[in-house]
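First up is the structure itself, then whatever we jot down about it.
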Amino acid sequence: MASFSKILSKTDVNKRLTVPIKFLKSLPSFDGGHAVKFEARDEGGEAWAFLCSVRRRGHPKPVLTRGWKAFINSKKLKTGDKVSFIKCKNRATAKTSYRVRAEKEIKIFGAIIGYAPL
């Protein structure tokens, strides 16, 4: 089970989510291209379609673009909130699926004390 979690930056919230390079091998094959579509289900079972793309030349710098802003807006995420992507494999069917989890930052007197799932 491969996964990553990230505290959202201003760019992540306003434009695109930068994805760790290590997570690329967990995604479906790019088949020689520079982008791949995949679907992830949130905690409520809703399916979200995302597009992960990499630069055609040089450092790959993977990012989620298509579908990302709709997810951010639906969950009302802001800078400082947290998002996690998890790759799962069904042992019985060997089918791969993805989950996405959003968590809101919890602050008390200006100090971050944790994150609450949506």
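Labels used: A, B, ... for chains in the order of the structure tokens, numbers from 1 for residues in each chain, and numbers from 1 for ligands as shown.
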Exercise: stretch 43-48 of chain A partners within 7 Å, only C-alpha atoms, chain neighbours under 2 positions left out, as a list in words: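 So, after excluding close chain neighbours, the residues are Glu39, Ala40, Arg41, Phe50, Gly67 and Arg101 of chain A.
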Just the selected residues (C-alpha atoms), exported as a compact mmCIF listing (two decimals), in the first residue's frame, please.
# COMPACT_ATOMS: atom_id res chain seq x y z
CA GLU A 39 -9.84 7.83 -9.89
CA ALA A 40 -9.75 8.09 -6.10
CA ARG A 41 -12.64 7.68 -3.66
CA PHE A 50 -7.67 13.32 -11.34
CA GLY A 67 -10.08 17.40 -11.11
CA ARG A 101 -8.57 11.88 2.35
Selection: 7 Å around A:Glu105, only C-alpha atoms, excl. self and same-chain fewer than 3 positions, as a PyMOL selection string: chain A and resi 80-81+112+114-116
Among the residues A:Ser9, A:Asn14, A:Ser29, A:Thr93, the one that comes closest to A:Phe71 [using only C-alpha atoms]: A:Asn14
Helix (DSSP H, G or I) positions in chain A, given as a ChimeraX atom specification: /A:10-14,21-26,68-75
Give me a file of those residues, with all heavy atoms, as a compact mmCIF listing (two decimals), in the first residue's frame.
# COMPACT_ATOMS: atom_id res chain seq x y z
N LYS A 10 -0.08 27.33 -0.65
CA LYS A 10 -0.92 28.26 -1.40
C LYS A 10 -1.06 27.80 -2.85
O LYS A 10 -2.15 27.81 -3.42
CB LYS A 10 -0.31 29.67 -1.33
CG LYS A 10 -1.16 30.74 -1.95
CD LYS A 10 -0.52 32.10 -1.76
CE LYS A 10 -1.36 33.17 -2.42
NZ LYS A 10 -0.75 34.50 -2.26
N THR A 11 0.03 27.35 -3.47
CA THR A 11 0.00 26.86 -4.85
C THR A 11 -0.86 25.61 -4.95
O THR A 11 -1.63 25.45 -5.90
CB THR A 11 1.42 26.57 -5.36
OG1 THR A 11 2.17 27.79 -5.33
CG2 THR A 11 1.41 26.04 -6.79
N ASP A 12 -0.74 24.70 -3.97
CA ASP A 12 -1.55 23.48 -3.97
C ASP A 12 -3.04 23.81 -3.96
O ASP A 12 -3.83 23.16 -4.62
CB ASP A 12 -1.24 22.61 -2.74
CG ASP A 12 0.16 22.03 -2.74
OD1 ASP A 12 0.69 21.74 -3.83
OD2 ASP A 12 0.71 21.84 -1.64
N VAL A 13 -3.43 24.83 -3.21
CA VAL A 13 -4.83 25.19 -3.08
C VAL A 13 -5.33 26.00 -4.29
O VAL A 13 -6.44 25.78 -4.77
CB VAL A 13 -5.07 25.99 -1.77
CG1 VAL A 13 -6.47 26.56 -1.71
CG2 VAL A 13 -4.81 25.09 -0.56
N ASN A 14 -4.50 26.89 -4.80
CA ASN A 14 -4.95 27.80 -5.86
C ASN A 14 -4.73 27.31 -7.28
O ASN A 14 -5.40 27.78 -8.19
CB ASN A 14 -4.27 29.16 -5.70
CG ASN A 14 -4.70 29.86 -4.43
OD1 ASN A 14 -5.83 29.72 -3.99
ND2 ASN A 14 -3.79 30.59 -3.81
N ILE A 21 7.67 12.55 -6.14
CA ILE A 21 8.12 11.68 -7.24
C ILE A 21 7.97 10.21 -6.88
O ILE A 21 7.61 9.40 -7.73
CB ILE A 21 9.58 12.02 -7.63
CG1 ILE A 21 9.60 13.37 -8.33
CG2 ILE A 21 10.16 10.95 -8.55
CD1 ILE A 21 10.96 13.85 -8.73
N LYS A 22 8.19 9.84 -5.61
CA LYS A 22 8.08 8.44 -5.19
C LYS A 22 6.69 7.88 -5.46
O LYS A 22 6.54 6.68 -5.67
CB LYS A 22 8.41 8.30 -3.70
CG LYS A 22 9.86 8.55 -3.36
CD LYS A 22 10.15 8.21 -1.91
CE LYS A 22 9.42 9.16 -0.99
NZ LYS A 22 9.73 8.95 0.44
N PHE A 23 5.65 8.73 -5.43
CA PHE A 23 4.29 8.25 -5.62
C PHE A 23 3.99 7.92 -7.08
O PHE A 23 3.04 7.20 -7.37
CB PHE A 23 3.28 9.27 -5.09
CG PHE A 23 1.89 8.71 -4.93
CD1 PHE A 23 1.61 7.73 -3.99
CD2 PHE A 23 0.85 9.16 -5.73
CE1 PHE A 23 0.34 7.21 -3.85
CE2 PHE A 23 -0.43 8.65 -5.60
CZ PHE A 23 -0.69 7.67 -4.65
N LEU A 24 4.81 8.42 -8.01
CA LEU A 24 4.58 8.16 -9.45
C LEU A 24 4.50 6.68 -9.77
O LEU A 24 3.65 6.26 -10.54
CB LEU A 24 5.67 8.79 -10.30
CG LEU A 24 5.56 10.29 -10.56
CD1 LEU A 24 6.74 10.75 -11.41
CD2 LEU A 24 4.26 10.65 -11.21
N LYS A 25 5.38 5.89 -9.16
CA LYS A 25 5.38 4.45 -9.47
C LYS A 25 4.14 3.75 -8.93
O LYS A 25 3.84 2.63 -9.31
CB LYS A 25 6.67 3.79 -8.98
CG LYS A 25 6.91 3.88 -7.51
CD LYS A 25 8.27 3.31 -7.15
CE LYS A 25 8.63 3.72 -5.73
NZ LYS A 25 10.04 3.69 -5.49
N SER A 26 3.39 4.41 -8.06
CA SER A 26 2.15 3.85 -7.53
C SER A 26 0.95 4.12 -8.43
O SER A 26 -0.10 3.50 -8.27
CB SER A 26 1.85 4.46 -6.15
OG SER A 26 2.90 4.20 -5.28
N TRP A 68 -8.45 18.42 -9.63
CA TRP A 68 -7.93 18.83 -8.33
C TRP A 68 -8.71 20.02 -7.75
O TRP A 68 -9.10 20.02 -6.58
CB TRP A 68 -6.44 19.15 -8.42
CG TRP A 68 -5.88 19.69 -7.15
CD1 TRP A 68 -5.36 20.93 -6.94
CD2 TRP A 68 -5.82 19.03 -5.88
NE1 TRP A 68 -4.97 21.07 -5.63
CE2 TRP A 68 -5.25 19.91 -4.96
CE3 TRP A 68 -6.20 17.76 -5.44
CZ2 TRP A 68 -5.03 19.59 -3.63
CZ3 TRP A 68 -6.00 17.43 -4.11
CH2 TRP A 68 -5.41 18.33 -3.22
N LYS A 69 -8.95 21.06 -8.55
CA LYS A 69 -9.66 22.26 -8.05
C LYS A 69 -11.08 21.92 -7.62
O LYS A 69 -11.57 22.45 -6.63
CB LYS A 69 -9.66 23.37 -9.11
CG LYS A 69 -8.33 24.06 -9.30
CD LYS A 69 -7.91 24.86 -8.10
CE LYS A 69 -8.80 26.05 -7.92
NZ LYS A 69 -8.55 26.81 -6.71
N ALA A 70 -11.74 21.02 -8.34
CA ALA A 70 -13.10 20.63 -7.95
C ALA A 70 -13.08 19.96 -6.58
O ALA A 70 -13.95 20.21 -5.74
CB ALA A 70 -13.70 19.68 -9.00
N PHE A 71 -12.07 19.13 -6.33
CA PHE A 71 -11.93 18.47 -5.03
C PHE A 71 -11.69 19.50 -3.93
O PHE A 71 -12.36 19.48 -2.89
CB PHE A 71 -10.79 17.44 -5.09
CG PHE A 71 -10.57 16.71 -3.80
CD1 PHE A 71 -11.43 15.68 -3.42
CD2 PHE A 71 -9.53 17.05 -2.95
CE1 PHE A 71 -11.24 15.00 -2.22
CE2 PHE A 71 -9.33 16.39 -1.75
CZ PHE A 71 -10.19 15.35 -1.39
N ILE A 72 -10.74 20.40 -4.16
CA ILE A 72 -10.41 21.46 -3.19
C ILE A 72 -11.65 22.28 -2.85
O ILE A 72 -11.94 22.54 -1.69
CB ILE A 72 -9.32 22.38 -3.79
CG1 ILE A 72 -7.96 21.71 -3.75
CG2 ILE A 72 -9.25 23.73 -3.07
CD1 ILE A 72 -7.31 21.69 -2.40
N ASN A 73 -12.37 22.71 -3.89
CA ASN A 73 -13.55 23.55 -3.67
C ASN A 73 -14.66 22.80 -2.95
O ASN A 73 -15.31 23.35 -2.06
CB ASN A 73 -14.07 24.10 -5.01
CG ASN A 73 -13.10 25.09 -5.62
OD1 ASN A 73 -12.29 25.70 -4.94
ND2 ASN A 73 -13.16 25.24 -6.93
N SER A 74 -14.88 21.55 -3.31
CA SER A 74 -15.93 20.75 -2.67
C SER A 74 -15.66 20.55 -1.18
O SER A 74 -16.58 20.60 -0.37
CB SER A 74 -16.04 19.39 -3.36
OG SER A 74 -16.93 18.57 -2.67
N LYS A 75 -14.41 20.34 -0.85
CA LYS A 75 -14.02 20.07 0.55
C LYS A 75 -13.72 21.36 1.32
O LYS A 75 -13.43 21.31 2.51
CB LYS A 75 -12.80 19.15 0.60
CG LYS A 75 -13.01 17.81 -0.10
CD LYS A 75 -14.05 16.98 0.58
CE LYS A 75 -14.22 15.64 -0.11
NZ LYS A 75 -15.25 14.82 0.50
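From atom CA of A:Ile108 back to atom CA of A:Arg16, the distance works out to 28.6 Å.
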Using only C-alpha atoms: which of A:Phe30, A:Phe109, A:Tyr98, A:Phe85 has the shortest distance to A:Leu17: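 Checking each candidate against A:Leu17, we get A:Phe85 as the closest.
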Atomic separation - atom CA of A:Asp31 relative to atom CA of A:Arg57, Å: 15.8 Å
Atom CA of A:Lys89 to atom CA of A:Lys37, distance in Å rounded to a single decimal: 17.7 Å
Test item, strand (DSSP E or B) assignment across chain A, answer as a ChimeraX atom specification: /A:3-7,17-18,35-41,47-53,63-64,82-89,96-108,111-117
Give me a file of those residues, with N, CA and C atoms, as a compact mmCIF listing (two decimals), in the first residue's frame.
# COMPACT_ATOMS: atom_id res chain seq x y z
N SER A 3 1.42 5.39 -0.27
CA SER A 3 0.64 6.57 0.05
C SER A 3 1.54 7.78 0.23
N PHE A 4 0.89 8.95 0.26
CA PHE A 4 1.59 10.18 0.67
C PHE A 4 0.58 11.12 1.28
N SER A 5 1.07 11.94 2.19
CA SER A 5 0.27 12.99 2.82
C SER A 5 1.00 14.30 2.64
N LYS A 6 0.23 15.37 2.56
CA LYS A 6 0.85 16.66 2.34
C LYS A 6 0.04 17.76 2.99
N ILE A 7 0.74 18.69 3.65
CA ILE A 7 0.12 19.92 4.15
C ILE A 7 0.05 20.85 2.94
N LEU A 17 -1.73 20.45 -7.29
CA LEU A 17 -1.07 19.75 -6.18
C LEU A 17 0.23 19.13 -6.67
N THR A 18 1.33 19.51 -6.06
CA THR A 18 2.61 18.89 -6.36
C THR A 18 2.65 17.54 -5.67
N ALA A 35 1.11 12.20 -19.05
CA ALA A 35 -0.03 12.35 -18.14
C ALA A 35 -0.79 11.03 -18.01
N VAL A 36 -1.43 10.87 -16.86
CA VAL A 36 -2.24 9.67 -16.62
C VAL A 36 -3.46 10.07 -15.79
N LYS A 37 -4.61 9.50 -16.14
CA LYS A 37 -5.83 9.73 -15.38
C LYS A 37 -6.01 8.60 -14.37
N PHE A 38 -6.52 8.95 -13.19
CA PHE A 38 -6.85 7.93 -12.21
C PHE A 38 -8.01 8.43 -11.35
N GLU A 39 -8.69 7.50 -10.72
CA GLU A 39 -9.84 7.83 -9.89
C GLU A 39 -9.53 7.48 -8.45
N ALA A 40 -9.92 8.35 -7.53
CA ALA A 40 -9.75 8.09 -6.10
C ALA A 40 -11.08 8.35 -5.40
N ARG A 41 -11.39 7.52 -4.43
CA ARG A 41 -12.64 7.68 -3.66
C ARG A 41 -12.32 8.32 -2.31
N ALA A 47 -16.43 9.35 -5.91
CA ALA A 47 -15.30 9.16 -6.83
C ALA A 47 -14.85 10.51 -7.37
N TRP A 48 -13.54 10.70 -7.40
CA TRP A 48 -12.93 11.91 -7.93
C TRP A 48 -11.95 11.52 -9.03
N ALA A 49 -12.08 12.11 -10.20
CA ALA A 49 -11.17 11.83 -11.32
C ALA A 49 -10.07 12.89 -11.34
N PHE A 50 -8.83 12.43 -11.34
CA PHE A 50 -7.67 13.32 -11.34
C PHE A 50 -6.79 13.04 -12.55
N LEU A 51 -6.02 14.04 -12.95
CA LEU A 51 -5.02 13.89 -13.99
C LEU A 51 -3.68 14.24 -13.37
N CYS A 52 -2.74 13.30 -13.41
CA CYS A 52 -1.38 13.55 -12.94
C CYS A 52 -0.49 13.70 -14.17
N SER A 53 0.25 14.80 -14.22
CA SER A 53 1.13 15.02 -15.37
C SER A 53 2.54 15.33 -14.89
N VAL A 63 2.46 16.71 -10.95
CA VAL A 63 1.41 17.55 -10.38
C VAL A 63 0.04 16.98 -10.74
N LEU A 64 -0.92 17.20 -9.84
CA LEU A 64 -2.32 16.90 -10.14
C LEU A 64 -2.96 18.18 -10.63
N LYS A 82 -4.67 19.36 5.17
CA LYS A 82 -3.87 18.19 4.81
C LYS A 82 -4.65 17.29 3.85
N VAL A 83 -3.94 16.71 2.90
CA VAL A 83 -4.55 15.75 1.98
C VAL A 83 -3.66 14.51 1.92
N SER A 84 -4.30 13.34 1.80
CA SER A 84 -3.56 12.08 1.69
C SER A 84 -4.11 11.28 0.53
N PHE A 85 -3.22 10.62 -0.20
CA PHE A 85 -3.60 9.69 -1.25
C PHE A 85 -3.05 8.32 -0.87
N ILE A 86 -3.88 7.29 -1.02
CA ILE A 86 -3.50 5.93 -0.65
C ILE A 86 -3.83 4.99 -1.79
N LYS A 87 -2.86 4.17 -2.17
CA LYS A 87 -3.09 3.13 -3.18
C LYS A 87 -3.41 1.84 -2.44
N CYS A 88 -4.51 1.19 -2.84
CA CYS A 88 -4.94 -0.05 -2.20
C CYS A 88 -5.01 -1.17 -3.24
N LYS A 89 -4.77 -2.38 -2.79
CA LYS A 89 -4.88 -3.53 -3.68
C LYS A 89 -5.77 -4.57 -3.02
N THR A 96 -6.46 -2.73 -8.26
CA THR A 96 -5.90 -1.56 -7.61
C THR A 96 -6.94 -0.45 -7.55
N SER A 97 -6.98 0.22 -6.42
CA SER A 97 -7.85 1.38 -6.27
C SER A 97 -7.10 2.45 -5.48
N TYR A 98 -7.64 3.65 -5.48
CA TYR A 98 -7.02 4.76 -4.77
C TYR A 98 -8.04 5.42 -3.87
N ARG A 99 -7.56 5.91 -2.73
CA ARG A 99 -8.40 6.67 -1.81
C ARG A 99 -7.77 8.04 -1.61
N VAL A 100 -8.61 9.04 -1.38
CA VAL A 100 -8.13 10.38 -1.08
C VAL A 100 -8.82 10.83 0.20
N ARG A 101 -8.04 11.45 1.07
CA ARG A 101 -8.57 11.88 2.35
C ARG A 101 -8.18 13.34 2.60
N ALA A 102 -9.16 14.15 2.95
CA ALA A 102 -8.92 15.55 3.27
C ALA A 102 -9.10 15.76 4.76
N GLU A 103 -8.23 16.58 5.34
CA GLU A 103 -8.32 16.88 6.77
C GLU A 103 -8.13 18.37 6.98
N LYS A 104 -8.97 18.94 7.83
CA LYS A 104 -8.89 20.36 8.15
C LYS A 104 -7.93 20.58 9.31
N GLU A 105 -7.17 21.66 9.19
CA GLU A 105 -6.23 22.04 10.24
C GLU A 105 -7.02 22.50 11.48
N ILE A 106 -6.59 22.06 12.66
CA ILE A 106 -7.22 22.47 13.92
C ILE A 106 -6.24 23.37 14.67
N LYS A 107 -6.70 24.58 14.98
CA LYS A 107 -5.86 25.53 15.72
C LYS A 107 -6.56 25.96 17.00
N ILE A 108 -5.76 26.12 18.04
CA ILE A 108 -6.25 26.70 19.29
C ILE A 108 -5.27 27.80 19.68
N ALA A 111 -2.17 28.08 17.53
CA ALA A 111 -1.24 26.95 17.43
C ALA A 111 -1.95 25.76 16.79
N ILE A 112 -1.28 25.12 15.83
CA ILE A 112 -1.84 23.93 15.18
C ILE A 112 -1.71 22.77 16.16
N ILE A 113 -2.87 22.15 16.45
CA ILE A 113 -2.84 21.02 17.40
C ILE A 113 -3.13 19.69 16.71
N GLY A 114 -3.51 19.74 15.44
CA GLY A 114 -3.79 18.49 14.73
C GLY A 114 -4.66 18.74 13.52
N TYR A 115 -5.23 17.64 13.00
CA TYR A 115 -6.05 17.67 11.80
C TYR A 115 -7.30 16.81 12.01
N ALA A 116 -8.43 17.31 11.50
CA ALA A 116 -9.69 16.59 11.65
C ALA A 116 -10.17 16.12 10.28
N PRO A 117 -10.51 14.82 10.15
CA PRO A 117 -11.01 14.34 8.87
C PRO A 117 -12.35 14.98 8.53
A:Pro28, A:Lys78, A:Arg56, A:Leu8 ranked by distance to A:Lys95, top pick (using only C-alpha atoms): A:Pro28
